[in-house]
>>> print(open('entry-v2.txt').read())   # compact mmCIF, C-alpha atoms
# COMPACT_ATOMS: atom_id res chain seq x y z
CA MET A 1 19.12 -1.34 9.41
CA ASN A 2 20.00 -0.77 5.82
CA VAL A 3 18.85 0.94 2.71
CA GLN A 4 18.67 -2.41 0.96
CA ILE A 5 15.59 -3.44 2.92
CA PHE A 6 13.76 -0.25 1.97
CA GLN A 7 14.85 -0.53 -1.63
CA ALA A 8 13.68 -4.12 -1.75
CA LEU A 9 10.24 -3.18 -0.39
CA ALA A 10 9.97 -0.06 -2.54
CA GLU A 11 8.94 -1.98 -5.63
CA PRO A 12 5.18 -2.73 -5.59
CA SER A 13 5.50 -6.32 -6.85
CA ARG A 14 8.09 -7.13 -4.23
CA PHE A 15 5.89 -5.53 -1.58
CA SER A 16 3.05 -7.79 -2.76
CA ILE A 17 5.30 -10.85 -2.68
CA VAL A 18 6.25 -10.13 0.93
CA GLU A 19 2.58 -9.68 1.83
CA LEU A 20 1.73 -12.97 0.11
CA LEU A 21 4.46 -14.89 1.90
CA HIS A 22 3.11 -13.74 5.24
CA GLY A 23 0.30 -16.21 4.69
CA LYS A 24 2.59 -19.17 4.04
CA PRO A 25 5.75 -20.09 2.15
CA ARG A 26 5.27 -20.40 -1.59
CA SER A 27 7.08 -21.68 -4.63
CA VAL A 28 8.12 -19.40 -7.45
CA GLY A 29 5.33 -20.78 -9.60
CA GLU A 30 2.67 -20.20 -6.96
CA ILE A 31 3.83 -16.64 -6.43
CA GLY A 32 3.63 -15.95 -10.14
CA GLU A 33 0.15 -17.46 -10.33
CA LYS A 34 -1.26 -15.63 -7.34
CA LEU A 35 0.16 -12.26 -8.23
CA HIS A 36 -0.05 -12.57 -12.02
CA ILE A 37 3.64 -11.95 -12.50
CA ARG A 38 5.72 -13.80 -15.06
CA GLN A 39 8.15 -16.30 -13.59
CA PRO A 40 11.41 -14.64 -14.68
CA GLN A 41 10.21 -11.44 -12.97
CA VAL A 42 9.29 -13.36 -9.83
CA SER A 43 12.74 -14.90 -9.70
CA LYS A 44 14.38 -11.51 -10.15
CA HIS A 45 12.29 -10.01 -7.37
CA LEU A 46 12.98 -12.94 -5.06
CA LYS A 47 16.71 -12.48 -5.56
CA VAL A 48 16.44 -8.83 -4.49
CA LEU A 49 14.32 -9.81 -1.47
CA SER A 50 16.72 -12.57 -0.55
CA ASP A 51 19.77 -10.30 -0.81
CA ALA A 52 18.00 -7.88 1.50
CA GLY A 53 17.43 -10.64 4.04
CA LEU A 54 13.66 -10.56 3.71
CA VAL A 55 13.14 -14.06 2.32
CA ALA A 56 14.94 -17.37 2.41
CA VAL A 57 14.57 -20.40 0.15
CA HIS A 58 14.40 -24.05 1.01
CA PRO A 59 13.98 -26.92 -1.36
CA ASP A 60 10.74 -28.89 -1.13
CA ALA A 61 10.78 -31.95 -3.38
CA GLN A 62 11.23 -30.49 -6.88
CA LYS A 63 10.28 -26.97 -5.93
CA ARG A 64 12.12 -24.05 -4.42
CA VAL A 65 9.91 -22.67 -1.69
CA TYR A 66 10.36 -19.15 -0.42
CA ALA A 67 9.50 -18.04 3.09
CA LEU A 68 9.65 -14.74 4.93
CA ARG A 69 12.40 -14.12 7.42
CA PRO A 70 10.37 -12.46 10.16
CA GLU A 71 13.45 -11.37 12.10
CA THR A 72 14.27 -8.91 9.31
CA LEU A 73 10.85 -7.31 9.46
CA LYS A 74 11.04 -7.20 13.23
CA LYS A 75 14.33 -5.34 12.88
CA LEU A 76 12.66 -2.92 10.50
CA ASP A 77 9.78 -2.44 12.91
CA THR A 78 12.18 -1.68 15.76
CA TRP A 79 14.09 0.78 13.63
CA LEU A 80 10.94 2.55 12.52
CA SER A 81 9.74 2.69 16.13
CA THR A 82 12.81 4.72 17.01
CA TYR A 83 11.79 7.37 14.54
CA ARG A 84 8.20 7.32 15.65
CA THR A 85 9.36 7.79 19.25
CA LEU A 86 11.52 10.71 18.18
CA TRP A 87 8.49 12.45 16.73
CA GLU A 88 6.30 11.61 19.71
CA GLU A 89 8.94 13.22 21.94
CA ARG A 90 9.07 16.29 19.75
CA PHE A 91 5.29 16.51 19.92
CA ASP A 92 5.50 16.26 23.72
CA MET A 93 7.92 19.20 23.70
CA LEU A 94 5.68 21.18 21.36
CA ALA A 95 2.65 20.58 23.56
CA LEU A 96 4.66 21.81 26.57
CA ALA A 97 5.80 24.92 24.70
CA ILE A 98 2.21 25.68 23.72
CA ALA A 99 1.03 25.20 27.31
CA ASP A 100 3.85 27.40 28.66
CA ASN A 101 2.98 30.08 26.16
CA LYS A 102 -0.64 30.02 27.31
CA LYS A 103 0.45 30.60 30.91
CA ILE A 104 2.59 33.59 29.89
CA VAL A 105 -0.21 35.06 27.82
CA GLY A 106 -2.65 34.41 30.67
CA ARG A 107 -0.42 36.24 33.13
CA LYS A 108 0.01 39.22 30.79
CA GLU A 109 -3.72 39.47 30.25
CA SER A 110 -4.43 39.39 33.96
CA LEU A 111 -2.04 42.29 34.69
CA MET B 1 16.13 7.41 -12.71
CA THR B 2 12.99 8.25 -10.84
CA ASP B 3 12.96 8.73 -7.11
CA ARG B 4 10.11 7.05 -5.36
CA LYS B 5 9.16 7.53 -1.81
CA ILE B 6 7.83 5.11 0.70
CA GLU B 7 5.79 6.23 3.61
CA GLU B 8 7.93 5.35 6.55
CA ILE B 9 6.08 6.58 9.60
CA VAL B 10 3.00 8.65 10.34
CA VAL B 11 2.58 10.43 13.65
CA LYS B 12 -0.48 12.49 14.61
CA ARG B 13 -1.34 14.69 17.57
CA VAL B 14 -4.02 17.22 18.41
CA PHE B 15 -2.68 20.39 20.02
CA ASP B 16 -4.63 22.85 22.15
CA ALA B 17 -3.98 25.86 19.99
CA PRO B 18 -5.39 27.29 16.76
CA VAL B 19 -3.64 26.59 13.47
CA THR B 20 -2.29 30.16 13.32
CA GLU B 21 -0.38 29.53 16.52
CA VAL B 22 0.87 26.00 15.83
CA TRP B 23 2.08 27.28 12.47
CA LYS B 24 4.35 29.77 14.29
CA TYR B 25 6.16 26.91 15.99
CA TRP B 26 7.42 25.84 12.58
CA THR B 27 7.99 29.22 10.95
CA ASP B 28 9.17 31.64 13.64
CA ALA B 29 12.73 31.04 14.86
CA ALA B 30 12.00 32.08 18.45
CA TYR B 31 9.12 29.61 18.59
CA VAL B 32 11.05 26.76 16.96
CA GLN B 33 13.70 27.10 19.64
CA LYS B 34 11.10 26.50 22.34
CA TRP B 35 10.52 22.90 21.36
CA TRP B 36 12.65 21.42 18.59
CA GLY B 37 14.73 18.42 19.57
CA PRO B 38 14.53 15.19 21.51
CA ARG B 39 13.77 15.23 25.22
CA MET B 40 16.72 16.60 27.24
CA PHE B 41 18.08 18.47 24.23
CA SER B 42 17.90 22.20 23.73
CA CYS B 43 17.65 24.16 20.51
CA PRO B 44 20.34 26.86 20.68
CA MET B 45 19.88 28.15 17.16
CA ALA B 46 17.30 28.26 14.40
CA THR B 47 17.79 30.17 11.17
CA LEU B 48 14.64 29.93 9.11
CA ASP B 49 13.90 30.56 5.47
CA VAL B 50 10.45 29.09 5.03
CA ARG B 51 9.67 29.13 1.32
CA VAL B 52 9.93 26.67 -1.54
CA GLY B 53 13.62 26.18 -2.16
CA GLY B 54 14.54 27.88 1.10
CA VAL B 55 16.80 26.18 3.63
CA SER B 56 16.37 26.42 7.37
CA VAL B 57 19.19 25.40 9.69
CA VAL B 58 18.20 24.18 13.12
CA ALA B 59 20.55 23.14 15.91
CA MET B 60 20.05 20.71 18.74
CA GLN B 61 22.32 20.43 21.72
CA SER B 62 22.68 17.25 23.74
CA PRO B 63 22.80 17.29 27.55
CA ASP B 64 26.59 16.85 27.35
CA GLY B 65 26.94 19.91 25.16
CA GLN B 66 27.37 18.38 21.71
CA VAL B 67 25.61 20.36 18.99
CA PHE B 68 24.09 18.84 15.87
CA TYR B 69 22.72 20.80 12.96
CA SER B 70 19.92 19.85 10.60
CA SER B 71 18.98 21.47 7.35
CA TRP B 72 15.41 21.59 6.13
CA THR B 73 15.13 22.25 2.42
CA TYR B 74 11.53 23.11 1.65
CA ILE B 75 9.70 21.61 -1.29
CA THR B 76 6.19 22.70 -0.32
CA VAL B 77 4.94 25.59 1.77
CA ILE B 78 1.20 26.18 1.93
CA PRO B 79 0.66 28.69 4.74
CA LEU B 80 -1.36 27.30 7.63
CA GLU B 81 -1.83 24.00 5.81
CA LYS B 82 1.28 22.15 4.85
CA ILE B 83 5.05 22.15 4.99
CA GLU B 84 7.25 19.62 3.26
CA TYR B 85 10.99 19.59 3.55
CA ILE B 86 13.94 17.32 3.02
CA HIS B 87 15.93 16.81 6.19
CA ASN B 88 19.68 16.32 6.31
CA LEU B 89 22.31 16.29 9.02
CA ALA B 90 24.39 19.34 8.24
CA ASP B 91 27.11 21.67 9.41
CA LYS B 92 26.27 25.01 11.02
CA ASP B 93 25.99 26.62 7.59
CA GLY B 94 23.42 24.10 6.47
CA LYS B 95 25.73 22.10 4.25
CA THR B 96 24.90 18.38 4.22
CA LEU B 97 27.57 16.31 5.88
CA ASP B 98 28.49 12.66 6.33
CA PRO B 99 26.65 11.34 9.41
CA VAL B 100 29.74 9.38 10.44
CA SER B 101 31.69 12.62 10.82
CA VAL B 102 29.42 13.62 13.70
CA GLY B 103 29.33 10.25 15.35
CA MET B 104 26.20 8.90 13.74
CA PRO B 105 26.02 5.42 12.17
CA ALA B 106 26.82 5.17 8.49
CA ASP B 107 23.26 4.17 7.67
CA PHE B 108 21.75 7.22 9.36
CA PRO B 109 19.11 8.22 6.83
CA GLN B 110 19.82 11.45 5.01
CA GLY B 111 17.44 13.04 2.57
CA VAL B 112 14.35 12.01 4.50
CA GLN B 113 11.26 13.95 3.51
CA SER B 114 8.99 15.18 6.27
CA THR B 115 5.48 16.29 5.42
CA ILE B 116 3.61 18.22 8.08
CA THR B 117 -0.05 19.06 7.74
CA PHE B 118 -2.14 21.34 9.94
CA THR B 119 -5.90 20.92 10.26
CA LYS B 120 -8.35 22.79 12.43
CA VAL B 121 -10.29 20.33 14.54
CA GLY B 122 -12.82 22.15 16.66
CA GLU B 123 -12.44 25.42 18.51
CA ASP B 124 -8.77 26.33 19.03
CA LYS B 125 -7.44 22.87 18.33
CA THR B 126 -5.13 21.72 15.59
CA GLU B 127 -4.36 18.27 14.38
CA MET B 128 -0.81 18.00 13.17
CA ILE B 129 0.21 15.01 11.10
CA VAL B 130 3.82 14.27 10.30
CA THR B 131 4.66 11.72 7.62
CA GLU B 132 8.24 10.76 6.95
CA TYR B 133 9.29 9.30 3.65
CA PHE B 134 12.46 7.35 3.13
CA PRO B 135 14.16 8.14 -0.16
CA VAL B 136 14.61 5.29 -2.55
CA SER B 137 15.98 5.56 -6.04
CA SER B 138 14.55 3.45 -8.77
CA MET B 139 16.34 2.38 -11.89
CA SER B 140 13.12 2.25 -13.86
CA ALA B 141 12.41 5.21 -16.10
CA ASN B 142 8.72 4.36 -16.20
CA ALA B 143 8.21 4.28 -12.51
CA LYS B 144 5.49 6.81 -11.80
CA LEU B 145 3.91 4.57 -9.27
CA GLY B 146 2.79 6.34 -6.16
CA LEU B 147 3.37 3.82 -3.48
CA GLU B 148 0.40 4.02 -1.17
CA GLN B 149 1.61 1.18 0.93
CA SER B 150 2.90 1.98 4.32
CA ILE B 151 6.05 0.16 5.28
CA GLU B 152 5.34 1.03 8.88
CA LYS B 153 2.02 -0.81 8.83
CA MET B 154 3.56 -3.81 7.16
CA ALA B 155 6.49 -3.99 9.55
CA GLU B 156 4.16 -3.69 12.54
CA ALA B 157 1.83 -6.38 11.23
CA PHE B 158 4.63 -8.82 10.51
CA ALA B 159 6.53 -8.17 13.70
CA LYS B 160 3.71 -9.54 15.82
>>> encode(input="entry-v2.txt", output="structure tokens")
Amino acid sequence: MNVQIFQALAEPSRFSIVELLHGKPRSVGEIGEKLHIRQPQVSKHLKVLSDAGLVAVHPDAQKRVYALRPETLKKLDTWLSTYRTLWEERFDMLALAIADNKKIVGRKESL
Amino acid sequence: MTDRKIEEIVVKRVFDAPVTEVWKYWTDAAYVQKWWGPRMFSCPMATLDVRVGGVSVVAMQSPDGQVFYSSWTYITVIPLEKIEYIHNLADKDGKTLDPVSVGMPADFPQGVQSTITFTKVGEDKTEMIVTEYFPVSSMSANAKLGLEQSIEKMAEAFAK
């Protein structure tokens, strides 16, 4: 799990490109058209996404077609899940502490 | 250079206690020690300084006795409503350290912002929402874009 993936997704246009490619692989031209981004910008963004392992290119006749690499997003999902689990565990502990506290308070009040 | 944040994860839970009490579990050292840490860990020490610019140092001890320290540097404190802090792995004095030096992987995220909100939901119940933001630096001077997108949602959707 690396910072590069987050940095790649941090830019709104790149985020949109990744969302678009979820539908189907697209050429640079199509991406530019759909997202209203000028081609040089699209190419720059695709390079960043490719370096981060999020997209891969394959030639299709005259065009370069970009597709998502789902294994990278799966890795990201797994990594994020670890942090979510950490918080869920902390919340479990907090709920227990609150419940324990209630018991103590209950006992004191019934004395 | 402008730092932008991306919402990384959002975790919510409703607790059976009023806001005034749940708030104590974040702001009173004795209360923090009752729960902070992963399952099976204990919290042997908590030194709190809950105010904007203040730094709290909180320890967690693993079952095999190893102690890790975290620093929480507060950027927002709205009593009974919201706490925001930047979290770093630190030494016992709260000084940020290299994760590798305590056996963590090199890409262990430092400088993560946690935002905790507290909302009353019905009689003696509090909804607590924690949002973590991963720090990302941008080279663009114009970048004032607030990224509403959630990376977590995207990753989940694409991982299916």
>>> interface_residues(input="entry-v2.txt", of="chain A", to="chain B", cutoff="7 Å", atoms="all atoms listed in the file", output="NGL selection string")
:A and (2 or 7 or 10 or 70 or 73-74 or 76-77 or 80 or 84 or 86-87 or 89-90 or 93-95 or 97)
>>> closest_residue(input="entry-v2.txt", among="B:Leu89, B:Ile83, B:Val112, B:Ile78", to="B:Trp26", atoms="all atoms listed in the file")
B:Ile83
>>> closest_residue(input="entry-v2.txt", among="A:His45, A:Asp60, A:Ala99, A:Glu88", to="A:Phe15", atoms="only C-alpha atoms")
A:His45
>>> atom_distance(input="entry-v2.txt", atom1="atom CA of A:Lys34", atom2="atom CA of A:Ala67")
15.2 Å
>>> atom_distance(input="entry-v2.txt", atom1="atom CA of B:Ser56", atom2="atom CA of A:Phe91")
19.5 Å
>>> atom_distance(input="entry-v2.txt", atom1="atom CA of B:Arg51", atom2="atom CA of B:Tyr74")
6.3 Å
>>> residues_around(input="entry-v2.txt", residues="A:Gly29", least_positions_apart="4", cutoff="9 Å", atoms="all atoms listed in the file", output="MDAnalysis selection string")
chainID A and resid 33:34 38:39 42 63
>>> residues_around(input="entry-v2.txt", residues="A:Val28", least_positions_apart="2", cutoff="12 Å", atoms="only C-alpha atoms", output="PDB file with C-alpha atoms, in the frame of the given file")
ATOM      1  CA  ILE A  17       5.300 -10.850  -2.680  1.00  0.00           C
ATOM      2  CA  LEU A  20       1.730 -12.970   0.110  1.00  0.00           C
ATOM      3  CA  LEU A  21       4.460 -14.890   1.900  1.00  0.00           C
ATOM      4  CA  PRO A  25       5.750 -20.090   2.150  1.00  0.00           C
ATOM      5  CA  ARG A  26       5.270 -20.400  -1.590  1.00  0.00           C
ATOM      6  CA  GLU A  30       2.670 -20.200  -6.960  1.00  0.00           C
ATOM      7  CA  ILE A  31       3.830 -16.640  -6.430  1.00  0.00           C
ATOM      8  CA  GLY A  32       3.630 -15.950 -10.140  1.00  0.00           C
ATOM      9  CA  GLU A  33       0.150 -17.460 -10.330  1.00  0.00           C
ATOM     10  CA  LYS A  34      -1.260 -15.630  -7.340  1.00  0.00           C
ATOM     11  CA  LEU A  35       0.160 -12.260  -8.230  1.00  0.00           C
ATOM     12  CA  HIS A  36      -0.050 -12.570 -12.020  1.00  0.00           C
ATOM     13  CA  ILE A  37       3.640 -11.950 -12.500  1.00  0.00           C
ATOM     14  CA  ARG A  38       5.720 -13.800 -15.060  1.00  0.00           C
ATOM     15  CA  GLN A  39       8.150 -16.300 -13.590  1.00  0.00           C
ATOM     16  CA  PRO A  40      11.410 -14.640 -14.680  1.00  0.00           C
ATOM     17  CA  GLN A  41      10.210 -11.440 -12.970  1.00  0.00           C
ATOM     18  CA  VAL A  42       9.290 -13.360  -9.830  1.00  0.00           C
ATOM     19  CA  SER A  43      12.740 -14.900  -9.700  1.00  0.00           C
ATOM     20  CA  LYS A  44      14.380 -11.510 -10.150  1.00  0.00           C
ATOM     21  CA  HIS A  45      12.290 -10.010  -7.370  1.00  0.00           C
ATOM     22  CA  LEU A  46      12.980 -12.940  -5.060  1.00  0.00           C
ATOM     23  CA  LYS A  47      16.710 -12.480  -5.560  1.00  0.00           C
ATOM     24  CA  VAL A  57      14.570 -20.400   0.150  1.00  0.00           C
ATOM     25  CA  HIS A  58      14.400 -24.050   1.010  1.00  0.00           C
ATOM     26  CA  PRO A  59      13.980 -26.920  -1.360  1.00  0.00           C
ATOM     27  CA  ASP A  60      10.740 -28.890  -1.130  1.00  0.00           C
ATOM     28  CA  GLN A  62      11.230 -30.490  -6.880  1.00  0.00           C
ATOM     29  CA  LYS A  63      10.280 -26.970  -5.930  1.00  0.00           C
ATOM     30  CA  ARG A  64      12.120 -24.050  -4.420  1.00  0.00           C
ATOM     31  CA  VAL A  65       9.910 -22.670  -1.690  1.00  0.00           C
ATOM     32  CA  TYR A  66      10.360 -19.150  -0.420  1.00  0.00           C
ATOM     33  CA  ALA A  67       9.500 -18.040   3.090  1.00  0.00           C
TER      34      ALA A  67
END
>>> axis_aligned_box(input="entry-v2.txt", around="stretch 72-89 of chain B", padding_each_side="5 Å", output="lines of an AutoDock Vina configuration file")
center_x = 10.2
center_y = 22.5
center_z = 3.9
size_x = 34.1
size_y = 22.4
size_z = 20.3
>>> residues_around(input="entry-v2.txt", residues="B:Lys120", least_positions_apart="2", cutoff="10 Å", atoms="only C-alpha atoms", output="list of chain:residue names")
B:Val14, B:Phe15, B:Ala17, B:Pro18, B:Val19, B:Thr20, B:Leu80, B:Glu81, B:Phe118, B:Gly122, B:Glu123, B:Asp124, B:Lys125, B:Thr126, B:Glu127, B:Met128
